[in-house]
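Structure file input26.pdb (PDB, C-alpha atoms) follows.
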ATOM      1  CA  MET A   1     -14.022 -22.494  24.296
ATOM      2  CA  LEU A   2     -14.560 -21.296  20.739
ATOM      3  CA  LYS A   3     -11.514 -20.655  18.571
ATOM      4  CA  THR A   4     -10.967 -17.155  17.182
ATOM      5  CA  ILE A   5     -10.461 -16.388  13.468
ATOM      6  CA  TRP A   6      -8.998 -13.379  11.697
ATOM      7  CA  SER A   7      -9.579 -13.109   7.946
ATOM      8  CA  VAL A   8      -7.001 -10.658   6.607
ATOM      9  CA  SER A   9      -6.519  -9.136   3.159
ATOM     10  CA  GLU A  10      -5.069  -6.021   1.609
ATOM     11  CA  ARG A  11      -7.228  -2.912   1.707
ATOM     12  CA  GLY A  12      -9.424  -2.513  -1.352
ATOM     13  CA  ALA A  13      -8.818  -6.047  -2.646
ATOM     14  CA  VAL A  14     -12.446  -7.172  -2.492
ATOM     15  CA  GLY A  15     -11.864 -10.487  -4.256
ATOM     16  CA  MET A  16      -9.123 -11.448  -1.810
ATOM     17  CA  GLN A  17     -11.153 -10.265   1.152
ATOM     18  CA  ASN A  18     -14.095 -12.433   0.073
ATOM     19  CA  GLN A  19     -11.883 -15.519  -0.240
ATOM     20  CA  ALA A  20     -10.320 -15.172   3.210
ATOM     21  CA  LEU A  21     -13.623 -14.252   4.836
ATOM     22  CA  GLY A  22     -15.506 -16.964   2.949
ATOM     23  CA  LEU A  23     -13.311 -19.677   4.438
ATOM     24  CA  GLY A  24     -13.660 -18.152   7.896
ATOM     25  CA  GLU A  25     -17.445 -18.072   7.562
ATOM     26  CA  ALA A  26     -17.536 -21.681   6.334
ATOM     27  CA  LEU A  27     -15.527 -22.829   9.380
ATOM     28  CA  PHE A  28     -17.731 -20.755  11.693
ATOM     29  CA  ALA A  29     -20.870 -22.318  10.178
ATOM     30  CA  GLY A  30     -19.508 -25.786  10.950
ATOM     31  CA  GLY A  31     -19.190 -24.997  14.648
ATOM     32  CA  GLY A  32     -16.330 -24.622  17.110
ATOM     33  CA  PHE A  33     -15.255 -21.147  15.978
ATOM     34  CA  GLU A  34     -16.291 -17.600  16.718
ATOM     35  CA  ALA A  35     -17.504 -15.536  13.762
ATOM     36  CA  PRO A  36     -14.437 -14.414  11.795
ATOM     37  CA  ARG A  37     -13.095 -10.915  12.240
ATOM     38  CA  SER A  38     -12.503  -9.343   8.820
ATOM     39  CA  ILE A  39      -9.452  -7.066   8.695
ATOM     40  CA  GLU A  40      -8.182  -4.976   5.781
ATOM     41  CA  VAL A  41      -4.586  -3.796   5.999
ATOM     42  CA  ALA A  42      -2.235  -1.595   4.025
ATOM     43  CA  PHE A  43       1.541  -1.792   3.713
ATOM     44  CA  ARG A  44       4.227   0.847   3.696
ATOM     45  CA  LYS A  45       7.410   1.301   1.712
ATOM     46  CA  PRO A  46       9.864  -0.327   1.315
ATOM     47  CA  TYR A  47       7.859  -3.456   2.247
ATOM     48  CA  THR A  48       5.522  -2.905  -0.683
ATOM     49  CA  TRP A  49       8.494  -3.722  -2.923
ATOM     50  CA  ALA A  50       9.857  -6.626  -0.868
ATOM     51  CA  PRO A  51      10.156 -10.012  -2.599
ATOM     52  CA  MET A  52       8.178 -13.010  -1.368
ATOM     53  CA  HIS A  53      10.626 -14.334   1.202
ATOM     54  CA  PRO A  54      10.130 -15.078   4.930
ATOM     55  CA  ALA A  55      13.053 -12.790   5.734
ATOM     56  CA  PHE A  56      10.798  -9.823   4.902
ATOM     57  CA  ALA A  57       7.934 -10.941   7.153
ATOM     58  CA  SER A  58       7.478  -8.132   9.687
ATOM     59  CA  LEU A  59       4.684  -6.387  11.538
ATOM     60  CA  LYS A  60       6.572  -3.174  10.749
ATOM     61  CA  ALA A  61       5.418  -3.589   7.154
ATOM     62  CA  LEU A  62       1.943  -2.340   8.077
ATOM     63  CA  SER A  63       0.959   1.257   7.445
ATOM     64  CA  ARG A  64       0.463   3.454  10.504
ATOM     65  CA  ASP A  65      -3.325   3.574  10.122
ATOM     66  CA  THR A  66      -3.727  -0.221   9.960
ATOM     67  CA  ALA A  67      -0.981  -1.409  12.333
ATOM     68  CA  ALA A  68      -3.301  -1.229  15.360
ATOM     69  CA  SER A  69      -5.675  -3.747  13.766
ATOM     70  CA  ILE A  70      -2.993  -6.459  13.936
ATOM     71  CA  ALA A  71      -2.072  -6.762  17.595
ATOM     72  CA  GLU A  72      -2.411  -9.002  20.625
ATOM     73  CA  PRO A  73      -4.308 -11.025  21.634
ATOM     74  CA  TRP A  74      -3.374 -13.115  18.622
ATOM     75  CA  PRO A  75      -6.060 -15.290  17.009
ATOM     76  CA  ASP A  76      -6.134 -19.062  17.082
ATOM     77  CA  LEU A  77      -6.473 -19.071  13.289
ATOM     78  CA  LEU A  78      -5.281 -16.483  10.777
ATOM     79  CA  ILE A  79      -6.562 -16.741   7.202
ATOM     80  CA  THR A  80      -4.851 -14.528   4.640
ATOM     81  CA  CYS A  81      -5.229 -13.965   0.904
ATOM     82  CA  GLY A  82      -2.839 -11.999  -1.302
ATOM     83  CA  ARG A  83       0.950 -12.085  -1.463
ATOM     84  CA  LYS A  84       1.661  -9.232   0.941
ATOM     85  CA  SER A  85      -0.767 -10.718   3.448
ATOM     86  CA  ALA A  86       1.070 -14.037   3.133
ATOM     87  CA  LEU A  87       4.184 -12.440   4.633
ATOM     88  CA  LEU A  88       2.086 -10.757   7.310
ATOM     89  CA  ALA A  89       0.837 -14.203   8.358
ATOM     90  CA  LEU A  90       4.407 -15.324   9.014
ATOM     91  CA  ALA A  91       5.027 -12.208  11.102
ATOM     92  CA  VAL A  92       1.936 -12.929  13.222
ATOM     93  CA  LYS A  93       2.969 -16.549  13.650
ATOM     94  CA  ARG A  94       6.378 -15.429  14.896
ATOM     95  CA  ALA A  95       4.826 -12.849  17.245
ATOM     96  CA  SER A  96       2.421 -15.452  18.668
ATOM     97  CA  ARG A  97       5.355 -17.833  19.217
ATOM     98  CA  GLY A  98       3.785 -20.348  16.868
ATOM     99  CA  ARG A  99       0.416 -20.487  18.610
ATOM    100  CA  THR A 100      -1.511 -18.952  15.714
ATOM    101  CA  VAL A 101      -2.301 -21.376  12.889
ATOM    102  CA  CYS A 102      -1.764 -19.674   9.542
ATOM    103  CA  ILE A 103      -3.719 -20.612   6.420
ATOM    104  CA  HIS A 104      -2.989 -18.770   3.212
ATOM    105  CA  VAL A 105      -5.340 -18.745   0.229
ATOM    106  CA  GLN A 106      -3.671 -18.661  -3.233
ATOM    107  CA  ASP A 107      -0.098 -19.436  -4.226
ATOM    108  CA  PRO A 108       2.266 -17.223  -2.175
ATOM    109  CA  LYS A 109       5.075 -17.815  -4.699
ATOM    110  CA  ALA A 110       7.318 -19.129  -1.929
ATOM    111  CA  GLU A 111       8.013 -22.484  -0.272
ATOM    112  CA  PRO A 112       4.736 -23.934   1.115
ATOM    113  CA  ARG A 113       6.512 -25.178   4.273
ATOM    114  CA  HIS A 114       6.529 -21.661   5.731
ATOM    115  CA  TRP A 115       2.730 -21.771   6.226
ATOM    116  CA  ASP A 116       0.655 -24.288   8.141
ATOM    117  CA  LEU A 117      -1.653 -24.791   5.175
ATOM    118  CA  LEU A 118      -2.129 -23.368   1.682
ATOM    119  CA  ILE A 119      -5.320 -23.473  -0.387
ATOM    120  CA  VAL A 120      -4.882 -22.961  -4.135
ATOM    121  CA  PRO A 121      -7.233 -23.314  -7.129
ATOM    122  CA  GLU A 122      -6.635 -26.305  -9.369
ATOM    123  CA  HIS A 123      -5.487 -24.151 -12.291
ATOM    124  CA  ASP A 124      -2.409 -23.233 -10.225
ATOM    125  CA  ARG A 125       0.434 -25.735 -10.308
ATOM    126  CA  LEU A 126       1.436 -25.623  -6.647
ATOM    127  CA  ARG A 127       1.053 -28.943  -4.843
ATOM    128  CA  GLY A 128       2.383 -30.369  -1.571
ATOM    129  CA  ALA A 129       1.600 -32.178   1.661
ATOM    130  CA  ASN A 130       0.221 -28.988   3.221
ATOM    131  CA  VAL A 131      -1.567 -27.773   0.067
ATOM    132  CA  LEU A 132      -5.309 -28.185  -0.484
ATOM    133  CA  VAL A 133      -6.681 -27.735  -4.004
ATOM    134  CA  SER A 134     -10.027 -26.055  -4.675
ATOM    135  CA  LYS A 135     -11.956 -26.223  -7.936
ATOM    136  CA  GLY A 136     -12.239 -22.435  -8.144
ATOM    137  CA  ALA A 137     -11.765 -19.379  -5.974
ATOM    138  CA  LEU A 138     -13.098 -19.486  -2.415
ATOM    139  CA  HIS A 139     -16.073 -17.221  -1.849
ATOM    140  CA  ARG A 140     -18.862 -16.100   0.486
ATOM    141  CA  VAL A 141     -21.850 -17.229  -1.573
ATOM    142  CA  THR A 142     -24.186 -19.633   0.258
ATOM    143  CA  ARG A 143     -27.707 -20.871  -0.472
ATOM    144  CA  LEU A 144     -28.980 -19.017   2.597
ATOM    145  CA  LYS A 145     -27.457 -15.710   1.497
ATOM    146  CA  LEU A 146     -28.874 -16.123  -2.007
ATOM    147  CA  SER A 147     -32.399 -16.944  -0.842
ATOM    148  CA  SER A 148     -32.601 -14.272   1.863
ATOM    149  CA  SER A 149     -31.048 -11.573  -0.343
ATOM    150  CA  ALA A 150     -33.338 -12.477  -3.244
ATOM    151  CA  ALA A 151     -36.411 -12.251  -1.013
ATOM    152  CA  ALA A 152     -35.337  -8.832   0.279
ATOM    153  CA  LEU A 153     -34.647  -7.454  -3.220
ATOM    154  CA  ALA A 154     -37.619  -9.024  -5.045
ATOM    155  CA  PRO A 155     -40.160  -6.230  -4.342
ATOM    156  CA  GLN A 156     -37.772  -3.569  -5.705
ATOM    157  CA  LEU A 157     -37.263  -5.498  -8.952
ATOM    158  CA  ALA A 158     -40.779  -6.882  -9.365
ATOM    159  CA  HIS A 159     -41.205  -4.809 -12.555
ATOM    160  CA  LEU A 160     -38.455  -6.695 -14.395
ATOM    161  CA  PRO A 161     -39.656  -9.349 -16.857
ATOM    162  CA  LYS A 162     -38.662 -12.999 -16.569
ATOM    163  CA  PRO A 163     -36.355 -14.725 -17.261
ATOM    164  CA  ARG A 164     -33.830 -12.482 -15.561
ATOM    165  CA  LEU A 165     -30.142 -12.070 -16.342
ATOM    166  CA  ALA A 166     -27.584 -10.924 -13.763
ATOM    167  CA  VAL A 167     -24.800  -9.014 -15.545
ATOM    168  CA  LEU A 168     -21.526  -8.741 -13.583
ATOM    169  CA  VAL A 169     -19.103  -6.223 -15.079
ATOM    170  CA  GLY A 170     -15.509  -6.020 -13.864
ATOM    171  CA  GLY A 171     -12.713  -3.857 -15.242
ATOM    172  CA  ASN A 172      -9.089  -3.569 -16.247
ATOM    173  CA  ASN A 173      -6.398  -5.696 -14.650
ATOM    174  CA  ARG A 174      -2.909  -6.773 -15.643
ATOM    175  CA  TYR A 175      -4.310  -9.431 -17.992
ATOM    176  CA  TYR A 176      -7.410  -7.888 -19.569
ATOM    177  CA  THR A 177      -8.641  -4.518 -20.856
ATOM    178  CA  LEU A 178     -12.192  -3.249 -20.469
ATOM    179  CA  ASP A 179     -12.350   0.017 -22.404
ATOM    180  CA  GLN A 180     -15.009   2.136 -24.099
ATOM    181  CA  ASP A 181     -14.734   0.356 -27.451
ATOM    182  CA  TRP A 182     -15.237  -3.023 -25.860
ATOM    183  CA  MET A 183     -18.114  -1.813 -23.685
ATOM    184  CA  THR A 184     -19.890  -0.312 -26.695
ATOM    185  CA  GLY A 185     -19.812  -3.638 -28.527
ATOM    186  CA  PHE A 186     -20.756  -5.591 -25.411
ATOM    187  CA  VAL A 187     -23.771  -3.385 -24.670
ATOM    188  CA  ALA A 188     -24.986  -3.751 -28.262
ATOM    189  CA  GLN A 189     -24.830  -7.554 -27.939
ATOM    190  CA  LEU A 190     -26.463  -7.473 -24.511
ATOM    191  CA  ARG A 191     -29.332  -5.308 -25.757
ATOM    192  CA  GLN A 192     -29.909  -7.560 -28.760
ATOM    193  CA  ALA A 193     -30.004 -10.701 -26.610
ATOM    194  CA  ALA A 194     -32.249  -9.144 -23.947
ATOM    195  CA  ILE A 195     -34.779  -7.856 -26.467
ATOM    196  CA  ALA A 196     -34.841 -11.113 -28.437
ATOM    197  CA  GLY A 197     -35.642 -13.198 -25.356
ATOM    198  CA  ASN A 198     -37.529 -10.539 -23.367
ATOM    199  CA  TRP A 199     -34.970 -10.873 -20.569
ATOM    200  CA  GLY A 200     -35.012  -8.667 -17.518
ATOM    201  CA  VAL A 201     -31.494  -7.343 -16.868
ATOM    202  CA  MET A 202     -29.932  -6.753 -13.440
ATOM    203  CA  ALA A 203     -26.460  -5.268 -13.962
ATOM    204  CA  THR A 204     -23.732  -4.350 -11.515
ATOM    205  CA  ILE A 205     -20.341  -2.747 -11.936
ATOM    206  CA  SER A 206     -17.196  -3.183  -9.841
ATOM    207  CA  ARG A 207     -14.676  -0.790  -8.346
ATOM    208  CA  ARG A 208     -12.523  -1.383 -11.424
ATOM    209  CA  THR A 209     -15.166  -0.325 -13.938
ATOM    210  CA  GLY A 210     -14.272   3.063 -15.435
ATOM    211  CA  GLU A 211     -16.698   5.994 -15.315
ATOM    212  CA  ALA A 212     -16.897   6.287 -19.106
ATOM    213  CA  GLU A 213     -17.563   2.566 -19.456
ATOM    214  CA  THR A 214     -20.247   2.728 -16.753
ATOM    215  CA  ASN A 215     -21.980   5.561 -18.618
ATOM    216  CA  ILE A 216     -22.030   3.482 -21.814
ATOM    217  CA  LEU A 217     -23.629   0.602 -19.926
ATOM    218  CA  ARG A 218     -26.114   2.937 -18.245
ATOM    219  CA  GLY A 219     -27.122   4.478 -21.566
ATOM    220  CA  GLY A 220     -27.572   1.100 -23.239
ATOM    221  CA  LEU A 221     -29.771  -0.237 -20.453
ATOM    222  CA  ALA A 222     -31.889   2.918 -20.137
ATOM    223  CA  SER A 223     -34.007   2.189 -23.212
ATOM    224  CA  LEU A 224     -34.569  -1.499 -22.468
ATOM    225  CA  PRO A 225     -38.107  -2.354 -21.326
ATOM    226  CA  GLY A 226     -36.807  -4.043 -18.162
ATOM    227  CA  ALA A 227     -33.349  -3.272 -16.764
ATOM    228  CA  TYR A 228     -31.759  -2.158 -13.507
ATOM    229  CA  LEU A 229     -28.183  -0.963 -12.975
ATOM    230  CA  TRP A 230     -26.433  -0.774  -9.622
ATOM    231  CA  ASP A 231     -23.747   1.853 -10.123
ATOM    232  CA  GLY A 232     -22.055   1.630  -6.740
ATOM    233  CA  SER A 233     -24.399   3.872  -4.765
ATOM    234  CA  GLY A 234     -26.554   2.505  -1.969
ATOM    235  CA  PRO A 235     -26.572  -1.072  -0.608
ATOM    236  CA  ASN A 236     -24.872  -3.623  -2.850
ATOM    237  CA  PRO A 237     -27.540  -5.963  -4.341
ATOM    238  CA  TYR A 238     -24.952  -8.507  -5.548
ATOM    239  CA  PHE A 239     -26.236 -11.523  -3.594
ATOM    240  CA  GLY A 240     -29.805 -10.562  -4.447
ATOM    241  CA  PHE A 241     -28.973 -10.419  -8.161
ATOM    242  CA  LEU A 242     -27.423 -13.880  -8.020
ATOM    243  CA  GLY A 243     -30.414 -15.232  -6.117
ATOM    244  CA  LEU A 244     -33.029 -13.756  -8.487
ATOM    245  CA  ALA A 245     -31.177 -14.563 -11.707
ATOM    246  CA  ASP A 246     -32.209 -17.289 -14.128
ATOM    247  CA  ALA A 247     -28.799 -16.964 -15.800
ATOM    248  CA  ILE A 248     -25.620 -14.988 -15.179
ATOM    249  CA  LEU A 249     -23.307 -13.110 -17.554
ATOM    250  CA  ALA A 250     -19.896 -12.068 -16.223
ATOM    251  CA  THR A 251     -16.793 -10.526 -17.746
ATOM    252  CA  CYS A 252     -13.732 -12.767 -17.791
ATOM    253  CA  ASP A 253     -11.373 -10.634 -15.671
ATOM    254  CA  SER A 254     -12.103 -12.207 -12.269
ATOM    255  CA  VAL A 255     -11.737 -15.862 -11.235
ATOM    256  CA  SER A 256     -13.548 -14.978  -8.005
ATOM    257  CA  MET A 257     -16.543 -13.509  -9.815
ATOM    258  CA  ILE A 258     -16.841 -16.496 -12.157
ATOM    259  CA  SER A 259     -16.467 -18.943  -9.246
ATOM    260  CA  GLU A 260     -19.238 -17.168  -7.338
ATOM    261  CA  ALA A 261     -21.498 -17.238 -10.391
ATOM    262  CA  CYS A 262     -20.873 -20.953 -10.937
ATOM    263  CA  SER A 263     -21.598 -21.712  -7.274
ATOM    264  CA  THR A 264     -25.268 -20.769  -7.839
ATOM    265  CA  GLY A 265     -25.934 -23.753 -10.113
ATOM    266  CA  LYS A 266     -27.376 -21.432 -12.757
ATOM    267  CA  PRO A 267     -26.295 -21.080 -16.418
ATOM    268  CA  VAL A 268     -23.197 -18.877 -16.597
ATOM    269  CA  TYR A 269     -22.055 -16.958 -19.661
ATOM    270  CA  VAL A 270     -18.582 -15.425 -19.777
ATOM    271  CA  ALA A 271     -17.828 -12.342 -21.890
ATOM    272  CA  ARG A 272     -14.325 -12.298 -23.350
ATOM    273  CA  LEU A 273     -12.173  -9.201 -22.884
ATOM    274  CA  PRO A 274      -9.110  -8.221 -24.922
ATOM    275  CA  GLY A 275      -6.067  -9.795 -23.301
ATOM    276  CA  LYS A 276      -4.527 -13.127 -22.395
ATOM    277  CA  SER A 277      -3.705 -15.213 -19.314
ATOM    278  CA  LYS A 278      -2.621 -18.853 -19.296
ATOM    279  CA  ARG A 279      -3.911 -19.312 -15.743
ATOM    280  CA  PHE A 280      -7.308 -17.838 -16.577
ATOM    281  CA  ASP A 281      -7.457 -19.855 -19.803
ATOM    282  CA  ALA A 282      -6.851 -23.082 -17.864
ATOM    283  CA  PHE A 283      -9.560 -22.137 -15.374
ATOM    284  CA  PHE A 284     -12.103 -21.349 -18.084
ATOM    285  CA  GLU A 285     -11.296 -24.505 -20.038
ATOM    286  CA  ASN A 286     -11.874 -26.633 -16.918
ATOM    287  CA  LEU A 287     -15.264 -25.003 -16.422
ATOM    288  CA  ARG A 288     -16.201 -25.266 -20.094
ATOM    289  CA  ARG A 289     -15.367 -28.988 -20.183
ATOM    290  CA  ARG A 290     -17.635 -29.530 -17.192
ATOM    291  CA  GLY A 291     -20.452 -27.672 -18.919
ATOM    292  CA  LEU A 292     -20.490 -24.956 -16.253
ATOM    293  CA  ILE A 293     -19.914 -21.981 -18.568
ATOM    294  CA  GLN A 294     -20.443 -20.888 -22.143
ATOM    295  CA  TRP A 295     -18.773 -18.005 -23.938
ATOM    296  CA  PHE A 296     -21.166 -15.128 -24.603
ATOM    297  CA  ASP A 297     -21.728 -14.534 -28.317
ATOM    298  CA  GLY A 298     -24.786 -12.291 -28.202
ATOM    299  CA  HIS A 299     -27.307 -15.072 -27.594
ATOM    300  CA  LEU A 300     -28.900 -16.246 -24.354
ATOM    301  CA  ALA A 301     -30.480 -19.555 -23.413
ATOM    302  CA  GLN A 302     -31.073 -21.551 -20.256
ATOM    303  CA  TRP A 303     -29.704 -24.994 -19.477
ATOM    304  CA  GLU A 304     -29.568 -27.350 -16.534
ATOM    305  CA  ASN A 305     -26.334 -26.653 -14.700
ATOM    306  CA  SER A 306     -24.451 -28.195 -11.799
ATOM    307  CA  ARG A 307     -22.735 -26.228  -9.027
ATOM    308  CA  LEU A 308     -19.061 -25.406  -8.690
ATOM    309  CA  ASP A 309     -19.048 -25.107  -4.937
ATOM    310  CA  ASP A 310     -16.525 -26.876  -2.746
ATOM    311  CA  MET A 311     -16.577 -24.447   0.187
ATOM    312  CA  ASP A 312     -18.042 -27.008   2.593
ATOM    313  CA  HIS A 313     -15.625 -29.635   1.285
ATOM    314  CA  ILE A 314     -12.616 -27.343   1.725
ATOM    315  CA  ALA A 315     -13.734 -26.410   5.253
ATOM    316  CA  ASP A 316     -14.015 -30.111   6.097
ATOM    317  CA  GLN A 317     -10.551 -30.751   4.673
ATOM    318  CA  VAL A 318      -9.118 -27.922   6.780
ATOM    319  CA  ARG A 319     -10.626 -29.455   9.918
ATOM    320  CA  GLN A 320      -9.285 -32.903   9.023
ATOM    321  CA  HIS A 321      -5.823 -31.526   8.303
ATOM    322  CA  PHE A 322      -5.513 -30.024  11.779
ATOM    323  CA  GLY A 323      -7.668 -32.539  13.649
ATOM    324  CA  TRP A 324     -10.216 -29.900  14.607
ATOM    325  CA  GLN A 325     -13.547 -31.199  15.841
ATOM    326  CA  PRO A 326     -16.710 -29.381  14.678
ATOM    327  CA  SER A 327     -18.164 -29.438  18.179
ATOM    328  CA  SER A 328     -15.277 -27.698  19.896
ATOM    329  CA  GLY A 329     -12.961 -26.319  17.249
ATOM    330  CA  SER A 330     -10.018 -27.512  19.319
ATOM    331  CA  LEU A 331      -6.992 -29.529  18.365
ATOM    332  CA  THR A 332      -7.062 -33.209  19.324
TER     333      THR A 332
END
What would the structure in this file look like if it were written as structure tokens?
Amino acid sequence: MLKTIWSVSERGAVGMQNQALGLGEALFAGGGFEAPRSIEVAFRKPYTWAPMHPAFASLKALSRDTAASIAEPWPDLLITCGRKSALLALAVKRASRGRTVCIHVQDPKAEPRHWDLLIVPEHDRLRGANVLVSKGALHRVTRLKLSSSAAALAPQLAHLPKPRLAVLVGGNNRYYTLDQDWMTGFVAQLRQAAIAGNWGVMATISRRTGEAETNILRGGLASLPGAYLWDGSGPNPYFGFLGLADAILATCDSVSMISEACSTGKPVYVARLPGKSKRFDAFFENLRRRGLIQWFDGHLAQWENSRLDDMDHIADQVRQHFGWQPSSGSLT
């Protein structure tokens, strides 16, 4: 009998959702598991303020409109990402009387022993007997998704010249600022580089990109001979962009976005934003030393790149840790 998987993250946290779901999909692809069920939840006060401690792990923490999504029958495997979801995992484990195996992605900022397994990126310091270390953020990018999405999108973007640049624009977070002044300078550099090399540009914004900043990007791309902007309306062409790109340019505010870009094996440029983060700096330095990224300075080139992609490796390590067999997905 196939094992069941829930991949749970906080509502609206796309990066966290992709990490939890990416691991679930990787395990499913290896056999022995049903396709993961992706669940987004929200939390209510005062649990939104609760510190990271098992004493505050409770199913009562869920908001009324999402509480029904976390209920019996409990899954065989629960994968969570995000600190609030980490506590939810402990509540589910208690409710299932220990039957549900709980894997948490990222450092929960609490003792690792409370979870069955933790998966953290190497730029985090957490280590332990039940801690697996990934090279970057977990993700949902696969060769199959890239090739199929590229084939589906190719006719729509056939007018764009080659080589083609995928531009991934994020937004403000607690470490970095993406404002109108920065976007104005960035667009000027992007235009200069695209015109100089006759690059076709495929740009996408995120939920965190401000409206004013999006308008600056839209205006700058409008007069280029070959450019396309996805502004959030209609189907998301993200996987198609990555598949069609000859190089990728991403803002530095998201470890997930950079990890996904580097998993393609294509040249990756990173655009610096105003701000500072020691964790992000360590991540970028690791990638730069491996030759996986270059900082964007207004110039574009292509180079032979390797892939930062340990999703299959991490999935195999998870199976080995629990003694799960690919053919059955059951504990031995």
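Of note, atom CA of A:Trp295 and atom CA of A:Gly243 are spaced 21.5 Å apart.
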Review point. How would you write, as a PyMOL selection string, the residues chosen by the PyMOL selection byres ((chain A and resi 26-40) around 8) on this structure?
Key: chain A and resi 1-12+17+21-25+41-42+66+69+311-312+315+325-330
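Among A:Ala247, A:Ala261, A:Ala13, A:Leu273, the residue with the shortest atom-to-atom distance to A:Val141, counting only C-alpha atoms, is A:Ala261.
Residues captured in this structure file are His123, Asp124, Arg125, Asn173, Arg174, Tyr175, Tyr176, Thr177, Cys252, Asp253, Ser254, Val255, Arg272, Leu273, Pro274, Gly275, Arg279, Phe280, Asp281, Ala282, Phe283, Phe284 and Glu285 of chain A, according to the PyMOL selection byres ((chain A and resi 276-278) around 12).
Evaluated on this file, the PyMOL selection byres ((chain A and resi 128) around 10) matches Glu111, Pro112, Arg113, Leu117, Leu118, Leu126, Arg127, Ala129, Asn130, Val131, Leu132 and Val133 of chain A.
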Selection near A:Asp310, 12 Å with only C-alpha atoms, sequence-local residues under 3 positions removed, as a short mmCIF file (atom, residue, chain, number, x, y, z; two decimals) with C-alpha atoms, in the frame of the given file:
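Below is the file part.cif, written as the result:
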data_model
loop_
_atom_site.label_atom_id
_atom_site.label_comp_id
_atom_site.auth_asym_id
_atom_site.auth_seq_id
_atom_site.Cartn_x
_atom_site.Cartn_y
_atom_site.Cartn_z
CA GLY A 22 -15.51 -16.96 2.95
CA LEU A 23 -13.31 -19.68 4.44
CA ALA A 26 -17.54 -21.68 6.33
CA ILE A 119 -5.32 -23.47 -0.39
CA PRO A 121 -7.23 -23.31 -7.13
CA GLU A 122 -6.64 -26.30 -9.37
CA LEU A 132 -5.31 -28.18 -0.48
CA VAL A 133 -6.68 -27.74 -4.00
CA SER A 134 -10.03 -26.06 -4.68
CA LYS A 135 -11.96 -26.22 -7.94
CA GLY A 136 -12.24 -22.44 -8.14
CA ALA A 137 -11.76 -19.38 -5.97
CA LEU A 138 -13.10 -19.49 -2.42
CA HIS A 139 -16.07 -17.22 -1.85
CA ARG A 140 -18.86 -16.10 0.49
CA VAL A 141 -21.85 -17.23 -1.57
CA THR A 142 -24.19 -19.63 0.26
CA SER A 259 -16.47 -18.94 -9.25
CA GLU A 260 -19.24 -17.17 -7.34
CA CYS A 262 -20.87 -20.95 -10.94
CA SER A 263 -21.60 -21.71 -7.27
CA THR A 264 -25.27 -20.77 -7.84
CA ARG A 307 -22.74 -26.23 -9.03
CA HIS A 313 -15.62 -29.64 1.28
CA ILE A 314 -12.62 -27.34 1.72
CA ALA A 315 -13.73 -26.41 5.25
CA ASP A 316 -14.02 -30.11 6.10
CA GLN A 317 -10.55 -30.75 4.67
#
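Of note, atom CA of A:Leu300 and atom CA of A:Met202 are spaced 14.5 Å apart.
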Check your understanding: stretch 213-227 of chain A: which residues within 7 Å, counting all atoms listed in the file, same-chain residues fewer than 3 positions away excluded, as a list in words?
Key -> Leu160, Pro161, Asp179, Gln180, Met183, Thr184, Val187, Gly200, Val201, Met202, Thr209 and Gly210 of chain A
**Study point:** Nearest-residue call for A:Ile195, choices A:Leu165, A:Met52, A:Val105, A:Val120, using only C-alpha atoms
**Key:** A:Leu165
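The closest residue to A:Leu244, picked from A:Gly171, A:Pro155, A:Gly232, A:Gly298 and counting all atoms listed in the file, is A:Pro155.
A straight line drawn from atom CA of A:Arg191 to atom CA of A:Val169 is 14.8 Å long.
Each of A:Ala89, A:Leu229, A:Gly15, A:Asn198 was checked against A:Ile258 using only C-alpha atoms; the smallest atom-to-atom distance is that of A:Gly15.
The closest residue to A:Leu90, picked from A:Pro163, A:Gly170, A:Pro54, A:Pro73 and counting all atoms listed in the file, is A:Pro54.
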Study note, to complete from the structure: Min atom-atom distance to A:Ala95 from the set A:Asp309, A:Asp116, A:Glu72, A:Asp246, counting all atoms listed in the file, belongs to A:Glu72
**Study point:** Spatial neighbours of A:Asp297, 10 Å, only C-alpha atoms, chain gap at least 5 places, as a PyMOL selection string
**Key:** chain A and resi 186+189-190+193+269-272
Would you output that residue set with C-alpha atoms, as a tab-separated table (two decimals), in the coordinates of the input?
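As a result, again31.tsv now contains:
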chain	number	residue	atom	x	y	z
A	186	PHE	CA	-20.76	-5.59	-25.41
A	189	GLN	CA	-24.83	-7.55	-27.94
A	190	LEU	CA	-26.46	-7.47	-24.51
A	193	ALA	CA	-30.00	-10.70	-26.61
A	269	TYR	CA	-22.06	-16.96	-19.66
A	270	VAL	CA	-18.58	-15.42	-19.78
A	271	ALA	CA	-17.83	-12.34	-21.89
A	272	ARG	CA	-14.32	-12.30	-23.35
Review point. Quick one: residues within 8 Å of A:Ile248, all atoms listed in the file counted, chain neighbours fewer than 3 positions away excluded, as a PyMOL selection string?
Key: chain A and resi 165-168+242+245+261+266-269
